[in-house]
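Data file: my_file.txt. Format and content: compact mmCIF, C-alpha atoms and all ligand atoms.
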```txt
# COMPACT_ATOMS: atom_id res chain seq x y z
CA MET A 1 -11.15 -14.23 2.94
CA ALA A 2 -13.85 -16.27 1.29
CA PRO A 3 -12.78 -19.40 -0.58
CA ALA A 4 -12.09 -18.79 -4.26
CA PRO A 5 -11.49 -21.20 -7.11
CA PRO A 6 -7.86 -21.56 -8.20
CA ALA A 7 -6.70 -19.08 -10.79
CA HIS A 8 -6.23 -21.77 -13.41
CA ALA A 9 -9.98 -22.53 -13.28
CA ARG A 10 -10.50 -19.51 -15.50
CA VAL A 11 -12.19 -20.34 -18.83
CA SER A 12 -11.08 -18.68 -22.05
CA SER A 13 -11.80 -19.27 -25.73
CA ASP A 14 -8.14 -18.58 -26.53
CA THR A 15 -7.11 -21.38 -24.19
CA ALA A 16 -9.63 -23.64 -25.95
CA ALA A 17 -8.09 -22.74 -29.32
CA LEU A 18 -4.67 -23.47 -27.85
CA GLN A 19 -5.87 -26.89 -26.69
CA VAL A 20 -7.25 -27.65 -30.16
CA ALA A 21 -3.90 -26.79 -31.74
CA LEU A 22 -1.91 -28.79 -29.17
CA ARG A 23 -4.21 -31.75 -29.61
CA ALA A 24 -3.77 -31.69 -33.39
CA LEU A 25 -0.02 -31.84 -32.81
CA HIS A 26 -0.49 -34.85 -30.50
CA LEU A 27 0.91 -32.89 -27.57
CA TYR A 28 -2.30 -32.72 -25.59
CA GLY A 29 -4.77 -35.47 -24.76
CA GLY A 30 -7.13 -33.60 -22.47
CA GLY A 31 -10.54 -32.10 -23.12
CA ILE A 32 -11.24 -28.78 -24.86
CA ASP A 33 -12.44 -27.01 -21.75
CA GLY A 34 -10.77 -23.61 -22.12
CA VAL A 35 -9.03 -23.98 -18.76
CA ALA A 36 -5.25 -23.59 -18.70
CA GLY A 37 -4.76 -26.41 -16.20
CA PRO A 38 -1.66 -28.53 -15.55
CA ARG A 39 -2.18 -30.76 -18.61
CA THR A 40 -2.43 -27.77 -20.93
CA ARG A 41 0.65 -26.13 -19.42
CA ARG A 42 2.54 -29.40 -19.72
CA ALA A 43 1.60 -29.62 -23.40
CA VAL A 44 2.77 -26.05 -23.97
CA ARG A 45 6.08 -26.83 -22.28
CA ARG A 46 6.43 -29.92 -24.49
CA LEU A 47 5.91 -27.77 -27.58
CA GLN A 48 8.36 -25.15 -26.31
CA ARG A 49 11.02 -27.77 -25.64
CA ARG A 50 10.51 -29.32 -29.05
CA ARG A 51 10.86 -25.92 -30.75
CA HIS A 52 13.75 -24.74 -28.55
CA LEU A 53 11.73 -21.87 -27.10
CA PRO A 54 11.99 -20.61 -23.52
CA VAL A 55 10.07 -23.24 -21.52
CA ASP A 56 7.59 -21.37 -19.32
CA GLY A 57 4.29 -23.12 -20.12
CA ILE A 58 2.76 -19.82 -21.26
CA ALA A 59 1.46 -19.53 -24.80
CA GLY A 60 2.96 -16.16 -25.72
CA PRO A 61 3.43 -14.83 -29.25
CA ARG A 62 6.49 -16.98 -30.09
CA THR A 63 4.84 -20.13 -28.85
CA ARG A 64 1.71 -19.31 -30.84
CA ARG A 65 3.85 -18.78 -33.93
CA ALA A 66 5.32 -22.24 -33.35
CA LEU A 67 1.80 -23.65 -33.80
CA GLY A 68 1.89 -22.57 -37.44
CA ARG A 69 -1.46 -22.05 -39.13
CA ARG A 70 -3.21 -23.50 -36.09
CA GLY A 71 -1.88 -20.62 -33.97
CA ARG A 72 -3.50 -17.90 -36.08
CA PRO A 73 -5.36 -15.75 -36.86
CA ARG A 74 -6.49 -14.03 -33.73
CA LEU A 75 -10.20 -14.23 -32.87
CA GLY A 76 -11.95 -11.16 -34.25
CA SER A 77 -9.32 -10.36 -36.87
CA ARG A 78 -11.54 -11.56 -39.74
CA THR A 79 -15.12 -12.49 -40.51
CA MET A 80 -15.27 -16.28 -40.26
CA ARG A 81 -17.20 -18.35 -42.77
CA SER A 82 -17.41 -21.85 -44.20
CA GLY A 83 -14.04 -23.17 -45.31
CA HIS A 84 -12.01 -21.12 -42.84
CA ARG A 85 -9.61 -22.86 -40.48
CA GLY A 86 -7.43 -21.84 -37.58
CA TRP A 87 -7.16 -20.48 -34.07
CA ASP A 88 -10.11 -18.09 -34.40
CA VAL A 89 -12.44 -20.80 -35.71
CA ALA A 90 -11.56 -23.06 -32.76
CA ALA A 91 -12.21 -20.18 -30.35
CA LEU A 92 -15.51 -19.44 -32.11
CA GLN A 93 -16.60 -23.07 -31.86
CA PHE A 94 -15.81 -23.04 -28.17
CA LEU A 95 -17.89 -19.86 -27.64
CA LEU A 96 -20.78 -21.35 -29.61
CA ARG A 97 -20.64 -24.50 -27.51
CA ARG A 98 -20.60 -22.47 -24.30
CA ARG A 99 -23.74 -20.67 -25.44
CA GLY A 100 -25.39 -24.01 -26.09
CA CYS A 101 -25.58 -23.61 -29.88
CA GLY A 102 -23.31 -26.53 -30.90
CA PRO A 103 -21.27 -27.56 -32.92
CA ARG A 104 -20.59 -31.20 -32.13
CA SER A 105 -16.82 -30.99 -32.51
CA ILE A 106 -14.31 -28.25 -31.77
CA ASP A 107 -11.57 -28.80 -34.30
CA GLY A 108 -10.70 -25.40 -35.76
CA GLY A 109 -12.42 -26.11 -39.09
CA PHE A 110 -15.49 -24.08 -40.13
CA GLY A 111 -17.78 -26.69 -41.71
CA PRO A 112 -21.58 -27.10 -42.01
CA GLY A 113 -21.92 -27.95 -38.31
CA THR A 114 -20.27 -24.70 -37.28
CA ALA A 115 -22.36 -22.69 -39.75
CA ALA A 116 -25.52 -24.25 -38.30
CA ALA A 117 -24.34 -23.44 -34.76
CA VAL A 118 -23.67 -19.82 -35.75
CA ARG A 119 -27.18 -19.57 -37.22
CA THR A 120 -28.69 -21.02 -34.03
CA CYS A 121 -26.94 -18.47 -31.86
CA GLN A 122 -27.74 -15.61 -34.26
CA ARG A 123 -31.41 -16.51 -34.17
CA ARG A 124 -31.42 -16.63 -30.37
CA ARG A 125 -29.67 -13.29 -30.07
CA GLY A 126 -31.94 -11.55 -32.58
CA LEU A 127 -29.20 -11.02 -35.13
CA GLY A 128 -29.30 -11.39 -38.90
CA VAL A 129 -29.15 -15.15 -39.56
CA ASP A 130 -26.46 -15.79 -42.18
CA GLY A 131 -24.21 -18.47 -40.64
CA VAL A 132 -21.23 -16.12 -40.95
CA ALA A 133 -19.39 -14.99 -37.83
CA GLY A 134 -18.65 -11.27 -38.16
CA PRO A 135 -18.05 -8.64 -35.48
CA ALA A 136 -21.69 -8.38 -34.29
CA THR A 137 -22.06 -12.14 -33.90
CA LEU A 138 -18.76 -12.37 -32.09
CA ARG A 139 -19.72 -9.53 -29.77
CA ALA A 140 -23.00 -11.26 -28.94
CA LEU A 141 -21.22 -14.56 -28.29
CA ARG A 142 -18.60 -12.97 -26.08
CA SER A 143 -20.90 -10.72 -24.07
CA ARG A 144 -22.84 -11.76 -21.07
CA GLY A 145 -24.91 -9.56 -18.78
CA ARG A 146 -22.00 -8.72 -16.52
CA ARG A 147 -19.73 -7.88 -19.43
CA ARG A 148 -22.18 -5.41 -20.87
CA SER A 149 -21.69 -3.00 -17.96
CA VAL A 150 -17.99 -2.85 -18.79
CA ALA A 151 -18.58 -2.28 -22.48
CA SER A 152 -21.02 0.56 -21.81
CA SER A 153 -18.80 2.37 -19.33
CA PRO A 154 -18.09 6.03 -20.17
CA ALA A 155 -14.57 5.10 -21.25
CA ALA A 156 -15.85 2.68 -23.91
CA GLY A 157 -14.47 3.52 -27.34
CA THR A 158 -11.42 5.32 -25.99
CA PRO A 159 -7.97 3.70 -25.93
CA VAL A 160 -7.49 1.49 -22.87
CA ARG A 161 -5.31 2.98 -20.12
CA PHE A 162 -4.56 1.66 -16.65
CA LEU A 163 -4.14 3.39 -13.33
CA ARG A 164 -0.94 2.52 -11.50
CA PRO A 165 -1.84 -0.29 -9.10
CA LEU A 166 0.25 1.43 -6.44
CA ARG A 167 2.68 4.30 -5.99
CA SER A 168 6.24 3.07 -6.33
CA PRO A 169 9.13 3.10 -8.77
CA ILE A 170 9.35 0.10 -11.09
CA THR A 171 12.41 -2.12 -10.62
CA ASP A 172 11.87 -4.63 -13.37
CA GLY A 173 10.26 -3.94 -16.69
CA PHE A 174 8.68 -6.01 -19.41
CA GLY A 175 10.99 -8.06 -21.60
CA MET A 176 13.91 -10.44 -21.22
CA ARG A 177 15.42 -10.74 -17.78
CA GLY A 178 18.33 -13.11 -17.12
CA GLY A 179 17.59 -14.96 -20.35
CA ARG A 180 13.92 -15.46 -19.48
CA PRO A 181 10.93 -13.43 -20.51
CA HIS A 182 9.45 -11.17 -17.83
CA HIS A 183 5.80 -10.67 -18.66
CA GLY A 184 5.09 -7.68 -16.44
CA LEU A 185 6.30 -4.85 -14.24
CA ASP A 186 7.63 -5.25 -10.70
CA PHE A 187 6.82 -2.72 -7.99
CA PRO A 188 8.94 -3.31 -4.86
CA VAL A 189 6.85 -2.28 -1.86
CA PRO A 190 6.41 -3.65 1.67
CA THR A 191 4.09 -6.55 2.40
CA GLY A 192 0.58 -5.35 3.16
CA THR A 193 0.59 -2.34 0.82
CA PRO A 194 -2.89 -2.10 -0.76
CA VAL A 195 -3.06 -2.84 -4.49
CA GLY A 196 -5.61 -0.92 -6.58
CA ALA A 197 -7.40 -2.23 -9.66
CA GLY A 198 -6.00 -0.72 -12.84
CA GLY A 199 -9.44 0.22 -14.13
CA VAL A 200 -13.09 -0.67 -14.40
CA GLY A 201 -13.64 -4.39 -14.96
CA VAL A 202 -14.81 -7.67 -13.55
CA VAL A 203 -12.70 -10.01 -11.42
CA ARG A 204 -12.03 -13.13 -13.52
CA SER A 205 -10.23 -15.08 -10.87
CA ALA A 206 -8.87 -14.55 -7.37
CA GLY A 207 -6.90 -17.18 -5.52
CA TYR A 208 -3.72 -19.19 -5.38
CA ASN A 209 -1.96 -19.94 -8.64
CA ALA A 210 0.36 -22.95 -8.63
CA PHE A 211 2.50 -21.77 -11.55
CA GLY A 212 4.59 -19.21 -9.68
CA TYR A 213 2.16 -16.31 -9.44
CA GLY A 214 1.19 -17.11 -5.85
CA ASN A 215 -1.98 -15.35 -4.77
CA LEU A 216 -3.20 -13.87 -8.01
CA VAL A 217 -6.08 -11.59 -8.99
CA ILE A 218 -7.06 -11.29 -12.65
CA VAL A 219 -9.37 -8.47 -13.69
CA GLY A 220 -11.04 -8.58 -17.11
CA HIS A 221 -11.45 -5.26 -18.90
CA ARG A 222 -13.10 -4.28 -22.16
CA LEU A 223 -11.58 -4.96 -25.60
CA GLY A 224 -9.94 -8.22 -24.52
CA PHE A 225 -7.67 -6.63 -21.90
CA GLU A 226 -6.83 -8.21 -18.56
CA SER A 227 -4.73 -6.99 -15.66
CA TRP A 228 -2.91 -9.49 -13.42
CA TYR A 229 -1.75 -8.82 -9.86
CA ALA A 230 0.61 -11.49 -8.50
CA HIS A 231 2.44 -12.59 -5.34
CA LEU A 232 -0.26 -11.01 -3.12
CA SER A 233 -0.25 -11.69 0.62
CA SER A 234 -4.04 -11.44 0.65
CA VAL A 235 -6.87 -11.19 -1.83
CA ALA A 236 -9.78 -8.78 -1.24
CA VAL A 237 -12.15 -9.62 -4.12
CA LEU A 238 -14.16 -12.55 -5.44
CA PRO A 239 -14.50 -13.90 -8.98
CA GLY A 240 -17.37 -12.21 -10.80
CA GLN A 241 -17.13 -9.06 -8.71
CA PRO A 242 -17.22 -5.78 -10.66
CA VAL A 243 -14.46 -3.33 -9.72
CA SER A 244 -13.64 0.22 -10.61
CA GLY A 245 -10.18 1.75 -10.92
CA GLY A 246 -8.31 2.12 -7.64
CA VAL A 247 -10.49 -0.28 -5.65
CA THR A 248 -8.30 -2.45 -3.41
CA ILE A 249 -8.13 -5.94 -4.88
CA GLY A 250 -5.55 -7.31 -2.44
CA ARG A 251 -2.32 -6.59 -0.61
CA VAL A 252 1.32 -6.90 -1.63
CA GLY A 253 3.17 -10.04 -0.57
CA SER A 254 5.75 -12.54 -1.71
CA THR A 255 3.71 -15.67 -2.42
CA GLY A 256 4.58 -17.99 -5.29
CA ARG A 257 7.89 -17.72 -7.16
CA SER A 258 9.09 -14.50 -5.60
CA THR A 259 12.31 -13.46 -3.88
CA GLY A 260 10.84 -10.67 -1.76
CA PRO A 261 7.76 -8.52 -1.26
CA HIS A 262 6.71 -6.88 -4.51
CA LEU A 263 3.78 -6.57 -6.85
CA HIS A 264 4.15 -8.27 -10.21
CA PHE A 265 1.69 -6.53 -12.55
CA GLU A 266 0.80 -7.80 -16.02
CA VAL A 267 -1.46 -6.62 -18.78
CA ARG A 268 -2.69 -9.18 -21.27
CA ARG A 269 -4.66 -8.68 -24.42
CA HIS A 270 -6.56 -11.70 -25.74
CA GLY A 271 -4.35 -13.79 -23.48
CA THR A 272 -1.00 -12.45 -24.66
CA PRO A 273 1.15 -10.47 -22.21
CA ILE A 274 1.96 -6.96 -23.46
CA ASP A 275 4.13 -4.21 -22.04
CA PRO A 276 1.95 -2.36 -19.51
CA LEU A 277 4.24 0.66 -19.25
CA PRO A 278 2.93 2.62 -22.27
CA LEU A 279 -0.63 2.01 -21.04
CA LEU A 280 -0.11 3.36 -17.53
CA LEU A 281 -1.59 6.72 -16.63
CA GLY A 282 0.50 9.28 -14.82
ZN ZN A 301 7.70 -9.75 -12.02
```
Mind turning the file's structure into structure tokens?
Ligand SMILES: [Zn+2]
Amino acid sequence: MAPAPPAHARVSSDTAALQVALRALHLYGGGIDGVAGPRTRRAVRRLQRRRHLPVDGIAGPRTRRALGRRGRPRLGSRTMRSGHRGWDVAALQFLLRRRGCGPRSIDGGFGPGTAAAVRTCQRRRGLGVDGVAGPATLRALRSRGRRRSVASSPAAGTPVRFLRPLRSPITDGFGMRGGRPHHGLDFPVPTGTPVGAGGVGVVRSAGYNAFGYGNLVIVGHRLGFESWYAHLSSVAVLPGQPVSGGVTIGRVGSTGRSTGPHLHFEVRRHGTPIDPLPLLLG
């Protein structure tokens, strides 16, 4: 196996928006880097404790609700313009900054600096220059060369479905389990069983995750979907690698917080775990 960066080195605009919200609540003192590292997780746990939520360090829907107006609305749910505030504006500012368009501060408030940054990026991408962040601008900000191949796959425009990562009955489903949320499906199979990618996508991260997932592969798919494959004994892909459905991304194991060999499979949309079962083919 080639060395891979740790899974928490993954950069996401939703994580950046989360950091902005946590910082405003004086729970987080780190940088707005979009990486869900130990400081960010700690801040999430602090919030969860304060609000008497299950303390897992993951910013799921309930935790986001606890952020109030800073935890909404979701990026892409509205056209953003001057005067708007919230989660989506913070995520937009982070994307603009990553594309080198500014603004100077990432604070979740759409002011003149953000409007100027939007115009800069629109000009560079050959879009209409209006300083308003609608769907086309957002698409341009989110897409990079490697993402475009996913968006233009034959399945683009159809509802997202996932292949089963392996053939096995499911022992544990999505939802509460022993008073704690279970964010995925468990497939109990022997160590070494190959795990197939759920669909066409690009590997976002592949490596050891210190928060219980063990060896973890995350594949990014179109429309904000991700599939997560946890507790692997070995990893067979590298970050940035395009994959198609069924390609072996690793092998089943019991690394991380696991009581025996199984695959823990998650589907996330815009960072939020959702029940994969209705999305599975077959
Ligand atoms: Zn599980």
- Item | Within-9 Å residues of ligand ZN 301 (chain A), basis all atoms listed in the file, as a PyMOL selection string | chain A and resi 172-174+182-187+213+230-231+258+262-266
Residue subset to file, keeping C-alpha atoms, as a compact mmCIF listing (two decimals), in the frame of the given file:
```
# COMPACT_ATOMS: atom_id res chain seq x y z
CA ASP A 172 11.87 -4.63 -13.37
CA GLY A 173 10.26 -3.94 -16.69
CA PHE A 174 8.68 -6.01 -19.41
CA HIS A 182 9.45 -11.17 -17.83
CA HIS A 183 5.80 -10.67 -18.66
CA GLY A 184 5.09 -7.68 -16.44
CA LEU A 185 6.30 -4.85 -14.24
CA ASP A 186 7.63 -5.25 -10.70
CA PHE A 187 6.82 -2.72 -7.99
CA TYR A 213 2.16 -16.31 -9.44
CA ALA A 230 0.61 -11.49 -8.50
CA HIS A 231 2.44 -12.59 -5.34
CA SER A 258 9.09 -14.50 -5.60
CA HIS A 262 6.71 -6.88 -4.51
CA LEU A 263 3.78 -6.57 -6.85
CA HIS A 264 4.15 -8.27 -10.21
CA PHE A 265 1.69 -6.53 -12.55
CA GLU A 266 0.80 -7.80 -16.02
```
- Message: Just the number, please: distance in Å from atom CA of A:Val55 to atom CA of A:Pro181, one decimal.
- Response: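 Atom-to-atom, atom CA of A:Val55 to atom CA of A:Pro181, that is 9.9 Å.
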- Task: Give me the residues within 10 Å of stretch 68-72 of chain A as a list of chain:residue names, counting only C-alpha atoms and dropping any in the same chain fewer than 4 places off.
- Result: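 So, after excluding close chain neighbours, the residues are A:Asp14, A:Ala17, A:Leu18, A:Val20, A:Ala21, A:Leu22, A:Ala24, A:Leu25, A:Ala59, A:Pro61, A:Arg62, A:Thr63, A:Arg64, A:Ser77, A:Arg85, A:Gly86, A:Trp87, A:Asp88, A:Val89, A:Ala90, A:Gly108.
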- A:Arg97 proximity check over A:Arg10, A:Arg142, A:Arg74, A:Arg51, using all atoms listed in the file: winner is A:Arg142
- Task: Place a sphere of radius 7 Å on (-11.0, -14.3, -10.5) in the file coordinates and name every protein, DNA or RNA residue with an atom inside or on its surface, counting all atoms listed in the file; give the answer as a list in words.
- Result: Ala7, Val203, Arg204, Ser205, Ala206, Val217, Ile218, Val219, Leu238, Pro239 and Gly240 of chain A
- Message: Rounded to one decimal, what separation in Å do you get between atom CA of A:Gly60 and atom CA of A:Gln48?
- Response: 10.5 Å
- Query: Just how far from atom CA of A:Ala115 is atom CA of A:Thr79, in Å to one decimal?
  - Reply: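 Distance between the two atoms: 12.5 Å.
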- Task: Give the answer as one residue: which of A:Val252, A:Val243, A:Ile106, A:Val118 has the shortest atom-to-atom distance to A:Arg23, using all atoms listed in the file?
- Result: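 That would be A:Ile106, the residue with the smallest distance to A:Arg23.
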- Task: Check the smallest atom-to-atom distance from each of A:Pro190, A:Gly83, A:Gly113, A:Gly34 to A:Arg98 using all atoms listed in the file, then report the winner.
- Result: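 Closest residue, counting all atoms listed in the file: A:Gly34.
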- Task: Have a look at A:Gly212, A:Gly207, A:Gly245, A:Arg119 and name the one nearest to A:Ser233; count all atoms listed in the file.
- Result: A:Gly207
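Among the candidates A:Ser244, A:Arg167, A:Thr193, A:Gly201, the residue lying nearest to A:Leu281 is A:Arg167 (atoms considered: only C-alpha atoms).
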- Between A:Pro276, A:Gly220, A:Gly282, A:Gly57, single out the one closest to A:Val11, counting all atoms listed in the file.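 Nearest candidate to A:Val11 out of A:Pro276, A:Gly220, A:Gly282, A:Gly57: A:Gly220.
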First collect every listed atom of stretch 201-214 of chain A; then fit an axis-aligned box around them, widen it by 6 Å on each side, and give centre and edge lengths in Å to one decimal, as lines of an AutoDock Vina configuration file.
```
center_x = -5.1
center_y = -13.7
center_z = -10.2
size_x = 31.4
size_y = 30.6
size_z = 21.6
```
